[in-house]
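Asks: My structure is in model_1.txt, and what it holds is compact mmCIF, C-alpha atoms:
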# COMPACT_ATOMS: atom_id res chain seq x y z
CA LEU T 1 17.40 11.60 -7.42
CA GLY T 2 19.55 14.78 -8.75
CA LEU T 3 23.09 15.06 -7.57
CA LEU T 4 23.63 18.78 -8.03
CA VAL T 5 21.58 21.92 -7.57
CA GLY T 6 20.42 23.60 -10.75
CA GLY T 7 20.99 21.26 -13.65
CA GLY T 8 21.43 24.19 -16.01
CA VAL T 9 23.86 25.97 -13.73
CA MET T 10 25.86 22.81 -13.10
CA GLY T 11 25.85 21.81 -16.74
CA GLY T 12 27.80 24.97 -17.54
CA LEU T 13 30.20 24.72 -14.62
CA LEU T 14 31.41 21.13 -14.74
CA GLY T 15 34.86 22.33 -15.68
CA LEU T 16 35.27 23.72 -12.15
CA ASP T 17 36.16 21.58 -9.15
CA ILE T 18 32.88 19.80 -8.51
CA TYR T 19 33.55 19.38 -4.80
CA LEU T 20 34.43 23.02 -4.21
CA LEU T 21 31.47 24.17 -6.28
CA THR T 22 29.03 21.90 -4.44
CA THR T 23 30.31 23.10 -1.08
CA LEU T 24 29.86 26.73 -2.13
CA LEU T 25 26.35 26.17 -3.48
CA SER T 26 25.41 24.19 -0.37
CA LEU T 27 26.48 27.00 1.95
CA LEU T 28 24.77 29.67 -0.15
CA SER T 29 21.55 27.63 -0.39
CA VAL T 30 21.39 26.99 3.35
CA LEU T 31 22.13 30.65 4.11
CA LEU T 32 19.44 31.86 1.69
CA ILE T 33 16.82 29.50 3.10
CA TYR T 34 17.74 30.52 6.64
CA VAL T 35 17.29 34.21 5.79
CA LEU T 36 13.98 33.54 4.02
CA ARG T 37 12.67 31.35 6.83
CA THR T 38 13.59 33.53 9.76
CA GLY T 39 13.35 36.94 8.08
CA LEU T 40 10.56 36.70 5.51
CA ASP T 41 8.44 33.87 6.94
CA ARG T 42 9.09 34.82 10.57
CA GLU T 43 9.30 31.16 11.56
CA SER T 44 11.95 29.11 13.31
CA TRP T 45 14.68 27.18 11.54
CA ILE T 46 13.66 23.95 13.27
CA SER T 47 10.14 24.30 11.86
CA LEU T 48 11.47 23.33 8.42
CA GLY T 49 11.59 19.75 9.66
CA TRP T 50 14.91 19.39 11.49
CA GLN T 51 13.68 17.77 14.69
CA TRP T 52 15.72 14.59 15.21
CA LYS T 53 14.28 13.20 18.43
CA GLY T 54 11.44 10.85 17.64
CA PHE T 55 12.36 10.66 13.95
CA GLU T 56 15.55 8.58 14.16
CA LYS T 57 13.73 5.54 12.78
CA ASP T 58 12.52 7.56 9.81
CA PHE T 59 16.11 8.38 8.86
CA PHE T 60 17.17 4.72 8.94
CA ALA T 61 14.00 3.71 7.10
CA GLY T 62 15.05 6.08 4.31
CA LEU T 63 18.49 4.48 4.17
CA LEU T 64 17.00 1.00 3.99
CA MET T 65 14.47 1.95 1.32
CA ALA T 66 17.24 3.31 -0.93
CA LEU T 67 19.28 0.13 -0.40
CA ALA T 68 16.26 -2.06 -1.14
CA MET T 69 15.38 -0.22 -4.35
CA LEU T 70 18.91 -0.04 -5.74
CA GLY T 71 19.71 -3.56 -4.57
CA THR T 72 16.63 -5.01 -6.25
CA GLY T 73 17.14 -3.13 -9.50
CA THR T 74 20.87 -3.86 -9.66
CA CYS T 75 20.39 -7.57 -8.95
CA ILE T 76 17.83 -7.78 -11.77
CA LEU T 77 20.20 -6.05 -14.17
CA ALA T 78 23.21 -8.08 -13.09
CA PHE T 79 21.53 -11.51 -13.19
CA SER T 80 20.03 -10.71 -16.60
CA LYS T 81 23.55 -9.69 -17.76
CA ASN T 82 22.49 -6.16 -18.64
CA ILE T 83 25.27 -4.77 -16.44
CA GLY T 84 28.53 -6.06 -14.99
CA TRP T 85 31.68 -4.79 -13.34
CA MET T 86 35.23 -4.74 -14.69
CA GLU T 87 37.22 -4.02 -11.54
CA VAL T 88 37.18 -2.99 -7.92
CA LYS T 89 39.18 0.12 -7.10
CA TRP T 90 39.50 1.83 -3.72
CA THR T 91 40.81 5.38 -3.37
CA GLY T 92 40.18 6.66 0.14
CA GLU T 93 40.39 10.36 -0.74
CA SER T 94 37.91 10.14 -3.62
CA PHE T 95 35.59 7.90 -1.61
CA PHE T 96 35.28 10.26 1.33
CA LEU T 97 35.15 13.38 -0.84
CA SER T 98 32.25 11.83 -2.75
CA MET T 99 30.57 10.88 0.51
CA GLY T 100 30.84 14.46 1.71
CA LEU T 101 29.47 15.74 -1.58
CA VAL T 102 26.36 13.55 -1.55
CA ILE T 103 25.72 14.35 2.13
CA MET T 104 25.72 18.07 1.32
CA VAL T 105 23.45 17.57 -1.69
CA ALA T 106 20.97 15.45 0.26
CA ILE T 107 20.74 18.04 3.02
CA TYR T 108 20.38 21.21 0.99
CA GLU T 109 18.11 19.75 -1.69
CA GLU T 110 15.75 18.30 0.90
CA LEU T 111 15.90 21.54 2.86
CA ALA T 112 14.99 23.49 -0.27
CA PHE T 113 12.47 21.28 -2.06
CA ARG T 114 10.72 19.55 0.82
CA GLY T 115 11.39 21.74 3.86
CA TYR T 116 10.95 25.17 2.29
CA ILE T 117 9.06 24.85 -1.00
CA MET T 118 6.72 22.00 -0.12
CA GLY T 119 6.31 23.20 3.46
CA ASN T 120 5.22 26.65 2.33
CA LEU T 121 2.96 25.26 -0.39
CA MET T 122 1.13 23.17 2.21
CA LYS T 123 0.01 26.40 3.88
CA SER T 124 -1.92 27.55 0.82
CA VAL T 125 -2.88 24.48 -1.23
CA PRO T 126 -4.05 20.95 -0.33
CA PRO T 127 -1.22 18.68 0.87
CA ALA T 128 -1.43 16.38 -2.18
CA ALA T 129 -1.16 19.37 -4.52
CA ALA T 130 1.84 20.69 -2.57
CA LEU T 131 3.52 17.30 -2.94
CA LEU T 132 2.97 17.13 -6.70
CA ILE T 133 3.94 20.76 -7.35
CA SER T 134 7.16 20.45 -5.34
CA ALA T 135 8.01 17.19 -7.16
CA LEU T 136 7.43 18.90 -10.51
CA ILE T 137 9.71 21.79 -9.52
CA PHE T 138 12.29 19.22 -8.39
CA ALA T 139 12.17 17.54 -11.81
CA ILE T 140 12.33 20.82 -13.74
CA PHE T 141 15.29 21.94 -11.61
CA HIS T 142 17.21 18.84 -12.78
CA GLY T 143 16.00 19.05 -16.36
CA SER T 144 19.28 20.31 -17.80
CA ASN T 145 21.51 17.69 -16.17
CA PRO T 146 23.77 15.90 -18.69
CA ASN T 147 22.49 12.86 -20.62
CA ASN T 148 18.88 13.52 -19.66
CA SER T 149 15.79 11.89 -21.18
CA TRP T 150 12.03 12.05 -20.80
CA LEU T 151 12.05 8.83 -18.80
CA ALA T 152 14.76 10.22 -16.52
CA LEU T 153 12.66 13.34 -15.88
CA VAL T 154 9.63 11.19 -15.07
CA ASN T 155 11.76 9.22 -12.63
CA VAL T 156 13.13 12.37 -11.00
CA PHE T 157 9.53 13.56 -10.59
CA LEU T 158 8.62 10.23 -8.97
CA ALA T 159 11.67 10.58 -6.75
CA GLY T 160 10.35 13.97 -5.66
CA VAL T 161 7.01 12.37 -4.80
CA LEU T 162 8.69 9.57 -2.84
CA LEU T 163 10.97 11.98 -0.98
CA GLY T 164 7.98 14.17 -0.12
CA MET T 165 5.64 11.38 1.03
CA ASN T 166 7.07 11.21 4.54
CA TYR T 167 7.10 15.02 4.81
CA LEU T 168 3.45 15.06 3.79
CA PHE T 169 2.57 13.09 6.91
CA THR T 170 5.27 14.14 9.40
CA ARG T 171 6.60 17.59 8.41
CA ASN T 172 10.06 16.13 9.08
CA LEU T 173 13.05 15.89 6.72
CA TRP T 174 15.05 12.97 8.10
CA PHE T 175 13.45 10.19 6.05
CA ALA T 176 14.06 12.10 2.83
CA ILE T 177 17.63 13.04 3.81
CA GLY T 178 18.46 9.42 4.60
CA LEU T 179 16.93 8.11 1.37
CA HIS T 180 18.45 10.85 -0.79
CA PHE T 181 21.95 10.43 0.65
CA CYS T 182 21.96 6.63 0.49
CA TRP T 183 20.52 6.58 -3.03
CA ASN T 184 23.15 8.91 -4.49
CA PHE T 185 26.02 7.38 -2.54
CA VAL T 186 25.28 3.73 -3.32
CA GLN T 187 24.30 4.48 -6.91
CA GLY T 188 27.48 6.41 -7.78
CA PRO T 189 30.52 5.99 -5.52
CA VAL T 190 29.68 2.34 -4.72
CA LEU T 191 27.96 0.68 -7.70
CA GLY T 192 29.45 2.83 -10.45
CA TYR T 193 26.31 4.23 -12.08
CA GLU T 194 26.24 7.84 -13.18
CA VAL T 195 24.27 9.96 -10.72
CA SER T 196 21.68 12.06 -12.55
CA GLY T 197 23.97 12.14 -15.58
CA LEU T 198 27.16 12.93 -13.69
CA SER T 199 30.07 10.59 -13.09
CA LEU T 200 31.78 10.24 -9.70
CA PRO T 201 34.77 8.10 -8.71
CA SER T 202 33.47 4.69 -7.68
CA ILE T 203 34.60 1.49 -6.01
CA LEU T 204 33.09 -0.66 -8.77
CA THR T 205 33.75 0.13 -12.43
CA GLN T 206 30.51 -0.69 -14.22
CA ILE T 207 29.97 -1.86 -17.79
CA GLN T 208 26.54 -1.81 -19.42
CA ASN T 209 25.54 -4.44 -21.98
CA GLY T 210 21.78 -3.96 -22.11
CA ARG T 211 19.42 -1.42 -23.60
CA GLU T 212 19.42 2.06 -22.11
CA LEU T 213 15.73 1.64 -21.27
CA LEU T 214 16.75 -1.04 -18.76
CA THR T 215 20.15 0.16 -17.54
CA GLY T 216 19.48 3.91 -17.52
CA GLY T 217 22.47 4.53 -19.78
CA ARG T 218 24.66 7.52 -19.07
CA PHE T 219 22.07 9.17 -16.81
CA GLY T 220 22.39 6.40 -14.25
CA PHE T 221 19.83 4.02 -12.78
CA GLU T 222 17.40 6.95 -12.57
CA GLY T 223 17.03 6.70 -16.36
CA SER T 224 15.82 3.09 -16.20
CA ILE T 225 12.28 1.75 -16.52
CA LEU T 226 13.14 -0.44 -13.52
CA ASP T 227 13.50 2.70 -11.46
CA THR T 228 10.03 3.80 -12.60
CA ILE T 229 8.49 0.54 -11.41
CA LEU T 230 10.40 0.44 -8.12
CA SER T 231 9.59 4.10 -7.38
CA LEU T 232 5.87 3.52 -7.88
CA ILE T 233 6.00 0.50 -5.57
CA ALA T 234 7.93 2.46 -2.95
CA ILE T 235 5.49 5.39 -3.13
CA ALA T 236 2.57 3.02 -2.60
CA ILE T 237 4.29 1.35 0.37
CA VAL T 238 5.13 4.64 2.09
CA TYR T 239 1.62 6.00 1.48
CA PHE T 240 -0.15 3.00 2.97
CA ILE T 241 2.21 2.83 5.95
CA TYR T 242 1.62 6.47 6.90
CA LYS T 243 -2.06 6.50 5.93
CA THR T 244 -2.71 3.86 8.59
CA ARG T 245 -0.82 5.91 11.20
CA LYS T 246 -2.03 9.48 10.81
CA ASN T 247 -3.67 11.94 8.45
CA PRO T 248 -1.59 14.23 6.22
CA ALA T 249 -0.35 17.41 7.87
CA ALA T 250 -2.66 20.36 7.38
Translate the structure of the given file into structure tokens.
Replies:
Amino acid sequence: LGLLVGGGVMGGLLGLDIYLLTTLLSLLSVLLIYVLRTGLDRESWISLGWQWKGFEKDFFAGLLMALAMLGTGTCILAFSKNIGWMEVKWTGESFFLSMGLVIMVAIYEELAFRGYIMGNLMKSVPPAAALLISALIFAIFHGSNPNNSWLALVNVFLAGVLLGMNYLFTRNLWFAIGLHFCWNFVQGPVLGYEVSGLSLPSILTQIQNGRELLTGGRFGFEGSILDTILSLIAIAIVYFIYKTRKNPAA
């Protein structure tokens, strides 16, 4: 799942303060989407998928799914000695700054890619097509992130599908926000992987001993074949859960 908006833009601006830059881009993105939604689309802000009441469980389900996927993949890599950790280091300022950063990214990326792009596509094309197109745009948008690979792009596309599955059935963003936030936060600031090719201060300092195909290399776990497998399993689980509950939103 991509940490920063506009891989190409971010790739050229990494010399700037990443936290300040992310805050600025978050505010500008939210403002732009608000203007487009209320001015151009003539629809309410809440219609993007912000309703919390009744969707609290979806948010926590997203958190748990991210934990389950990363936990499973990391345990496999650790027990097979493909990764390990050198030290544990706690810096409160870096920890909470990183938490704030990934919260902002989760909110404005889900707002943009699922709430606005996918939501509008669903008005003119079949829901499944809207899901796939928005996931493709999501992958292309992160295509210039550092240390990228074809497998990483495939995994980002699958992440876009997984993040959009709940929206396909509910038109609500909270599952995707929970999953996106927890995935980035646990992957980077906790477990010490790179996050979509970018390095953040982390509690655990990770070392990688195995092949990049398994560990994800310098792109992070999202560059791993394990992520591909786990993403496909997660997509299937979410699809079958919601398919038994209701039909996709028209």
Asks: Can you pull out every residue within 8 Å of Gly178 in chain T, counting all atoms listed in the file, but drop anything in the same chain fewer than 2 positions away, and send it as a list in words?
Replies: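 The neighbour list is Phe59, Phe60, Ala61, Gly62, Leu63, Ala106, Trp174, Phe175, Ala176, His180, Phe181 and Cys182 of chain T.
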Asks: If we count only C-alpha atoms and set the cut-off at 12 Å, which residues sit around Leu131 in chain T, ignoring sequence neighbours fewer than 4 positions away in its own chain? Please answer as a ChimeraX atom specification.
Replies: /T:113-115,117-123,125-127,135-138,157-169,171,248-249
Asks: How would the residues just chosen look if you wrote them out with C-alpha atoms as an mmCIF file, in the frame of the given file?
Replies:
data_model
loop_
_atom_site.group_PDB
_atom_site.id
_atom_site.type_symbol
_atom_site.label_atom_id
_atom_site.label_comp_id
_atom_site.auth_asym_id
_atom_site.auth_seq_id
_atom_site.Cartn_x
_atom_site.Cartn_y
_atom_site.Cartn_z
ATOM 1 C CA PHE T 113 12.470 21.280 -2.060
ATOM 2 C CA ARG T 114 10.720 19.550 0.820
ATOM 3 C CA GLY T 115 11.390 21.740 3.860
ATOM 4 C CA ILE T 117 9.060 24.850 -1.000
ATOM 5 C CA MET T 118 6.720 22.000 -0.120
ATOM 6 C CA GLY T 119 6.310 23.200 3.460
ATOM 7 C CA ASN T 120 5.220 26.650 2.330
ATOM 8 C CA LEU T 121 2.960 25.260 -0.390
ATOM 9 C CA MET T 122 1.130 23.170 2.210
ATOM 10 C CA LYS T 123 0.010 26.400 3.880
ATOM 11 C CA VAL T 125 -2.880 24.480 -1.230
ATOM 12 C CA PRO T 126 -4.050 20.950 -0.330
ATOM 13 C CA PRO T 127 -1.220 18.680 0.870
ATOM 14 C CA ALA T 135 8.010 17.190 -7.160
ATOM 15 C CA LEU T 136 7.430 18.900 -10.510
ATOM 16 C CA ILE T 137 9.710 21.790 -9.520
ATOM 17 C CA PHE T 138 12.290 19.220 -8.390
ATOM 18 C CA PHE T 157 9.530 13.560 -10.590
ATOM 19 C CA LEU T 158 8.620 10.230 -8.970
ATOM 20 C CA ALA T 159 11.670 10.580 -6.750
ATOM 21 C CA GLY T 160 10.350 13.970 -5.660
ATOM 22 C CA VAL T 161 7.010 12.370 -4.800
ATOM 23 C CA LEU T 162 8.690 9.570 -2.840
ATOM 24 C CA LEU T 163 10.970 11.980 -0.980
ATOM 25 C CA GLY T 164 7.980 14.170 -0.120
ATOM 26 C CA MET T 165 5.640 11.380 1.030
ATOM 27 C CA ASN T 166 7.070 11.210 4.540
ATOM 28 C CA TYR T 167 7.100 15.020 4.810
ATOM 29 C CA LEU T 168 3.450 15.060 3.790
ATOM 30 C CA PHE T 169 2.570 13.090 6.910
ATOM 31 C CA ARG T 171 6.600 17.590 8.410
ATOM 32 C CA PRO T 248 -1.590 14.230 6.220
ATOM 33 C CA ALA T 249 -0.350 17.410 7.870
#
Asks: To one decimal in Å, tell me the separation between CA of Ser98 in chain T and CA of Asn184 in chain T.
Replies: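 About the pair CA of Ser98 in chain T and CA of Asn184 in chain T: they are 9.7 Å apart.
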Asks: Quick check, in Å to one decimal: how far apart do CA of Thr228 in chain T and CA of Leu101 in chain T lie?
Replies: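 Going from CA of Thr228 in chain T over to CA of Leu101 in chain T, I get 25.3 Å.
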Asks: Tell me, as a VMD selection string, which residues lie within 8 Å of Val88 in chain T, counting all atoms listed in the file; anything in the same chain fewer than 2 positions away does not count.
Replies: chain T and resid 85 to 86 90 203 to 205
Asks: Export, as a PDB file, in the coordinates of the input, the selected residues with C-alpha atoms.
Replies:
ATOM      1  CA  TRP T  85      31.680  -4.790 -13.340  1.00  0.00           C
ATOM      2  CA  MET T  86      35.230  -4.740 -14.690  1.00  0.00           C
ATOM      3  CA  TRP T  90      39.500   1.830  -3.720  1.00  0.00           C
ATOM      4  CA  ILE T 203      34.600   1.490  -6.010  1.00  0.00           C
ATOM      5  CA  LEU T 204      33.090  -0.660  -8.770  1.00  0.00           C
ATOM      6  CA  THR T 205      33.750   0.130 -12.430  1.00  0.00           C
TER       7      THR T 205
END
Asks: Under the rule that all atoms listed in the file are counted, which of T:Asn209, T:Glu222, T:Ser94, T:Gly188 is the nearest residue to Val156 in chain T?
Replies: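 For Val156 in chain T, the nearest of the given residues is T:Glu222.
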Asks: Please, which residues are within 12 Å of (12.3, 9.9, -15.4) by the file's coordinates, counting only C-alpha atoms, and could they come as an mmCIF file with C-alpha atoms, in the frame of the given file?
Replies:
data_model
loop_
_atom_site.group_PDB
_atom_site.id
_atom_site.type_symbol
_atom_site.label_atom_id
_atom_site.label_comp_id
_atom_site.auth_asym_id
_atom_site.auth_seq_id
_atom_site.Cartn_x
_atom_site.Cartn_y
_atom_site.Cartn_z
ATOM 1 C CA LEU T 1 17.400 11.600 -7.420
ATOM 2 C CA GLY T 2 19.550 14.780 -8.750
ATOM 3 C CA ALA T 135 8.010 17.190 -7.160
ATOM 4 C CA LEU T 136 7.430 18.900 -10.510
ATOM 5 C CA PHE T 138 12.290 19.220 -8.390
ATOM 6 C CA ALA T 139 12.170 17.540 -11.810
ATOM 7 C CA ILE T 140 12.330 20.820 -13.740
ATOM 8 C CA HIS T 142 17.210 18.840 -12.780
ATOM 9 C CA GLY T 143 16.000 19.050 -16.360
ATOM 10 C CA ASN T 147 22.490 12.860 -20.620
ATOM 11 C CA ASN T 148 18.880 13.520 -19.660
ATOM 12 C CA SER T 149 15.790 11.890 -21.180
ATOM 13 C CA TRP T 150 12.030 12.050 -20.800
ATOM 14 C CA LEU T 151 12.050 8.830 -18.800
ATOM 15 C CA ALA T 152 14.760 10.220 -16.520
ATOM 16 C CA LEU T 153 12.660 13.340 -15.880
ATOM 17 C CA VAL T 154 9.630 11.190 -15.070
ATOM 18 C CA ASN T 155 11.760 9.220 -12.630
ATOM 19 C CA VAL T 156 13.130 12.370 -11.000
ATOM 20 C CA PHE T 157 9.530 13.560 -10.590
ATOM 21 C CA LEU T 158 8.620 10.230 -8.970
ATOM 22 C CA ALA T 159 11.670 10.580 -6.750
ATOM 23 C CA GLY T 160 10.350 13.970 -5.660
ATOM 24 C CA SER T 196 21.680 12.060 -12.550
ATOM 25 C CA GLY T 197 23.970 12.140 -15.580
ATOM 26 C CA LEU T 213 15.730 1.640 -21.270
ATOM 27 C CA GLY T 216 19.480 3.910 -17.520
ATOM 28 C CA PHE T 219 22.070 9.170 -16.810
ATOM 29 C CA GLY T 220 22.390 6.400 -14.250
ATOM 30 C CA PHE T 221 19.830 4.020 -12.780
ATOM 31 C CA GLU T 222 17.400 6.950 -12.570
ATOM 32 C CA GLY T 223 17.030 6.700 -16.360
ATOM 33 C CA SER T 224 15.820 3.090 -16.200
ATOM 34 C CA ILE T 225 12.280 1.750 -16.520
ATOM 35 C CA LEU T 226 13.140 -0.440 -13.520
ATOM 36 C CA ASP T 227 13.500 2.700 -11.460
ATOM 37 C CA THR T 228 10.030 3.800 -12.600
ATOM 38 C CA ILE T 229 8.490 0.540 -11.410
ATOM 39 C CA SER T 231 9.590 4.100 -7.380
ATOM 40 C CA LEU T 232 5.870 3.520 -7.880
#
Asks: So that I can see what lies close to Leu67 in chain T, please list as a list in words the residues with an atom at most 10 Å from it, counting only C-alpha atoms and leaving out residues fewer than 2 positions away in the same chain.
Replies: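 Counting only the stated atoms, we get Ala61, Gly62, Leu63, Leu64, Met65, Met69, Leu70, Gly71, Thr72, Gly73, Leu179, Cys182, Trp183, Val186 and Gln187 of chain T.
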Asks: Could you state the separation of CA of Gly54 in chain T and CA of Arg245 in chain T in Å, given to one decimal place?
Replies: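 These atoms are spaced 14.7 Å apart.
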Asks: Residues of range 49-137 of chain T that have any atom at most 9 Å from an atom of range 32-37 of chain T: could you tabulate them with the shortest-distance atom pair and the distance in Å to one decimal, using only C-alpha atoms, ordered by chain and increasing number, as a Markdown table?
Replies:
| residue | atom | partner | partner_atom | distance |
| --- | --- | --- | --- | --- |
| T:Leu111 | CA | T:Ile33 | CA | 8.0 |
| T:Ala112 | CA | T:Ile33 | CA | 7.1 |
| T:Tyr116 | CA | T:Ile33 | CA | 7.3 |
Asks: Based on the selection just made, write C-alpha atoms of those residues as a compact mmCIF listing (two decimals), in the coordinates of the input.
Replies:
# COMPACT_ATOMS: atom_id res chain seq x y z
CA LEU T 111 15.90 21.54 2.86
CA ALA T 112 14.99 23.49 -0.27
CA TYR T 116 10.95 25.17 2.29
Asks: My list of candidates is T:Ile241, T:Ala129, T:Ile18, T:Ile83. Which is closest to Leu198 in chain T when distances are computed with only C-alpha atoms?
Replies: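 Under the stated criterion, the closest residue is T:Ile18.
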Asks: Using only C-alpha atoms, can you tell me which of T:Ile207, T:Leu97, T:Leu132, T:Leu214 comes closest to Pro189 in chain T?
Replies: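 Residue with the minimum atom-to-atom distance to Pro189 in chain T: T:Leu97.
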Asks: Which is closer to Phe141 in chain T than all the others in T:Glu109, T:Thr170, T:Ala66, T:Met104, using only C-alpha atoms?
Replies: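 Of the candidates, the smallest distance to Phe141 in chain T is held by T:Glu109.
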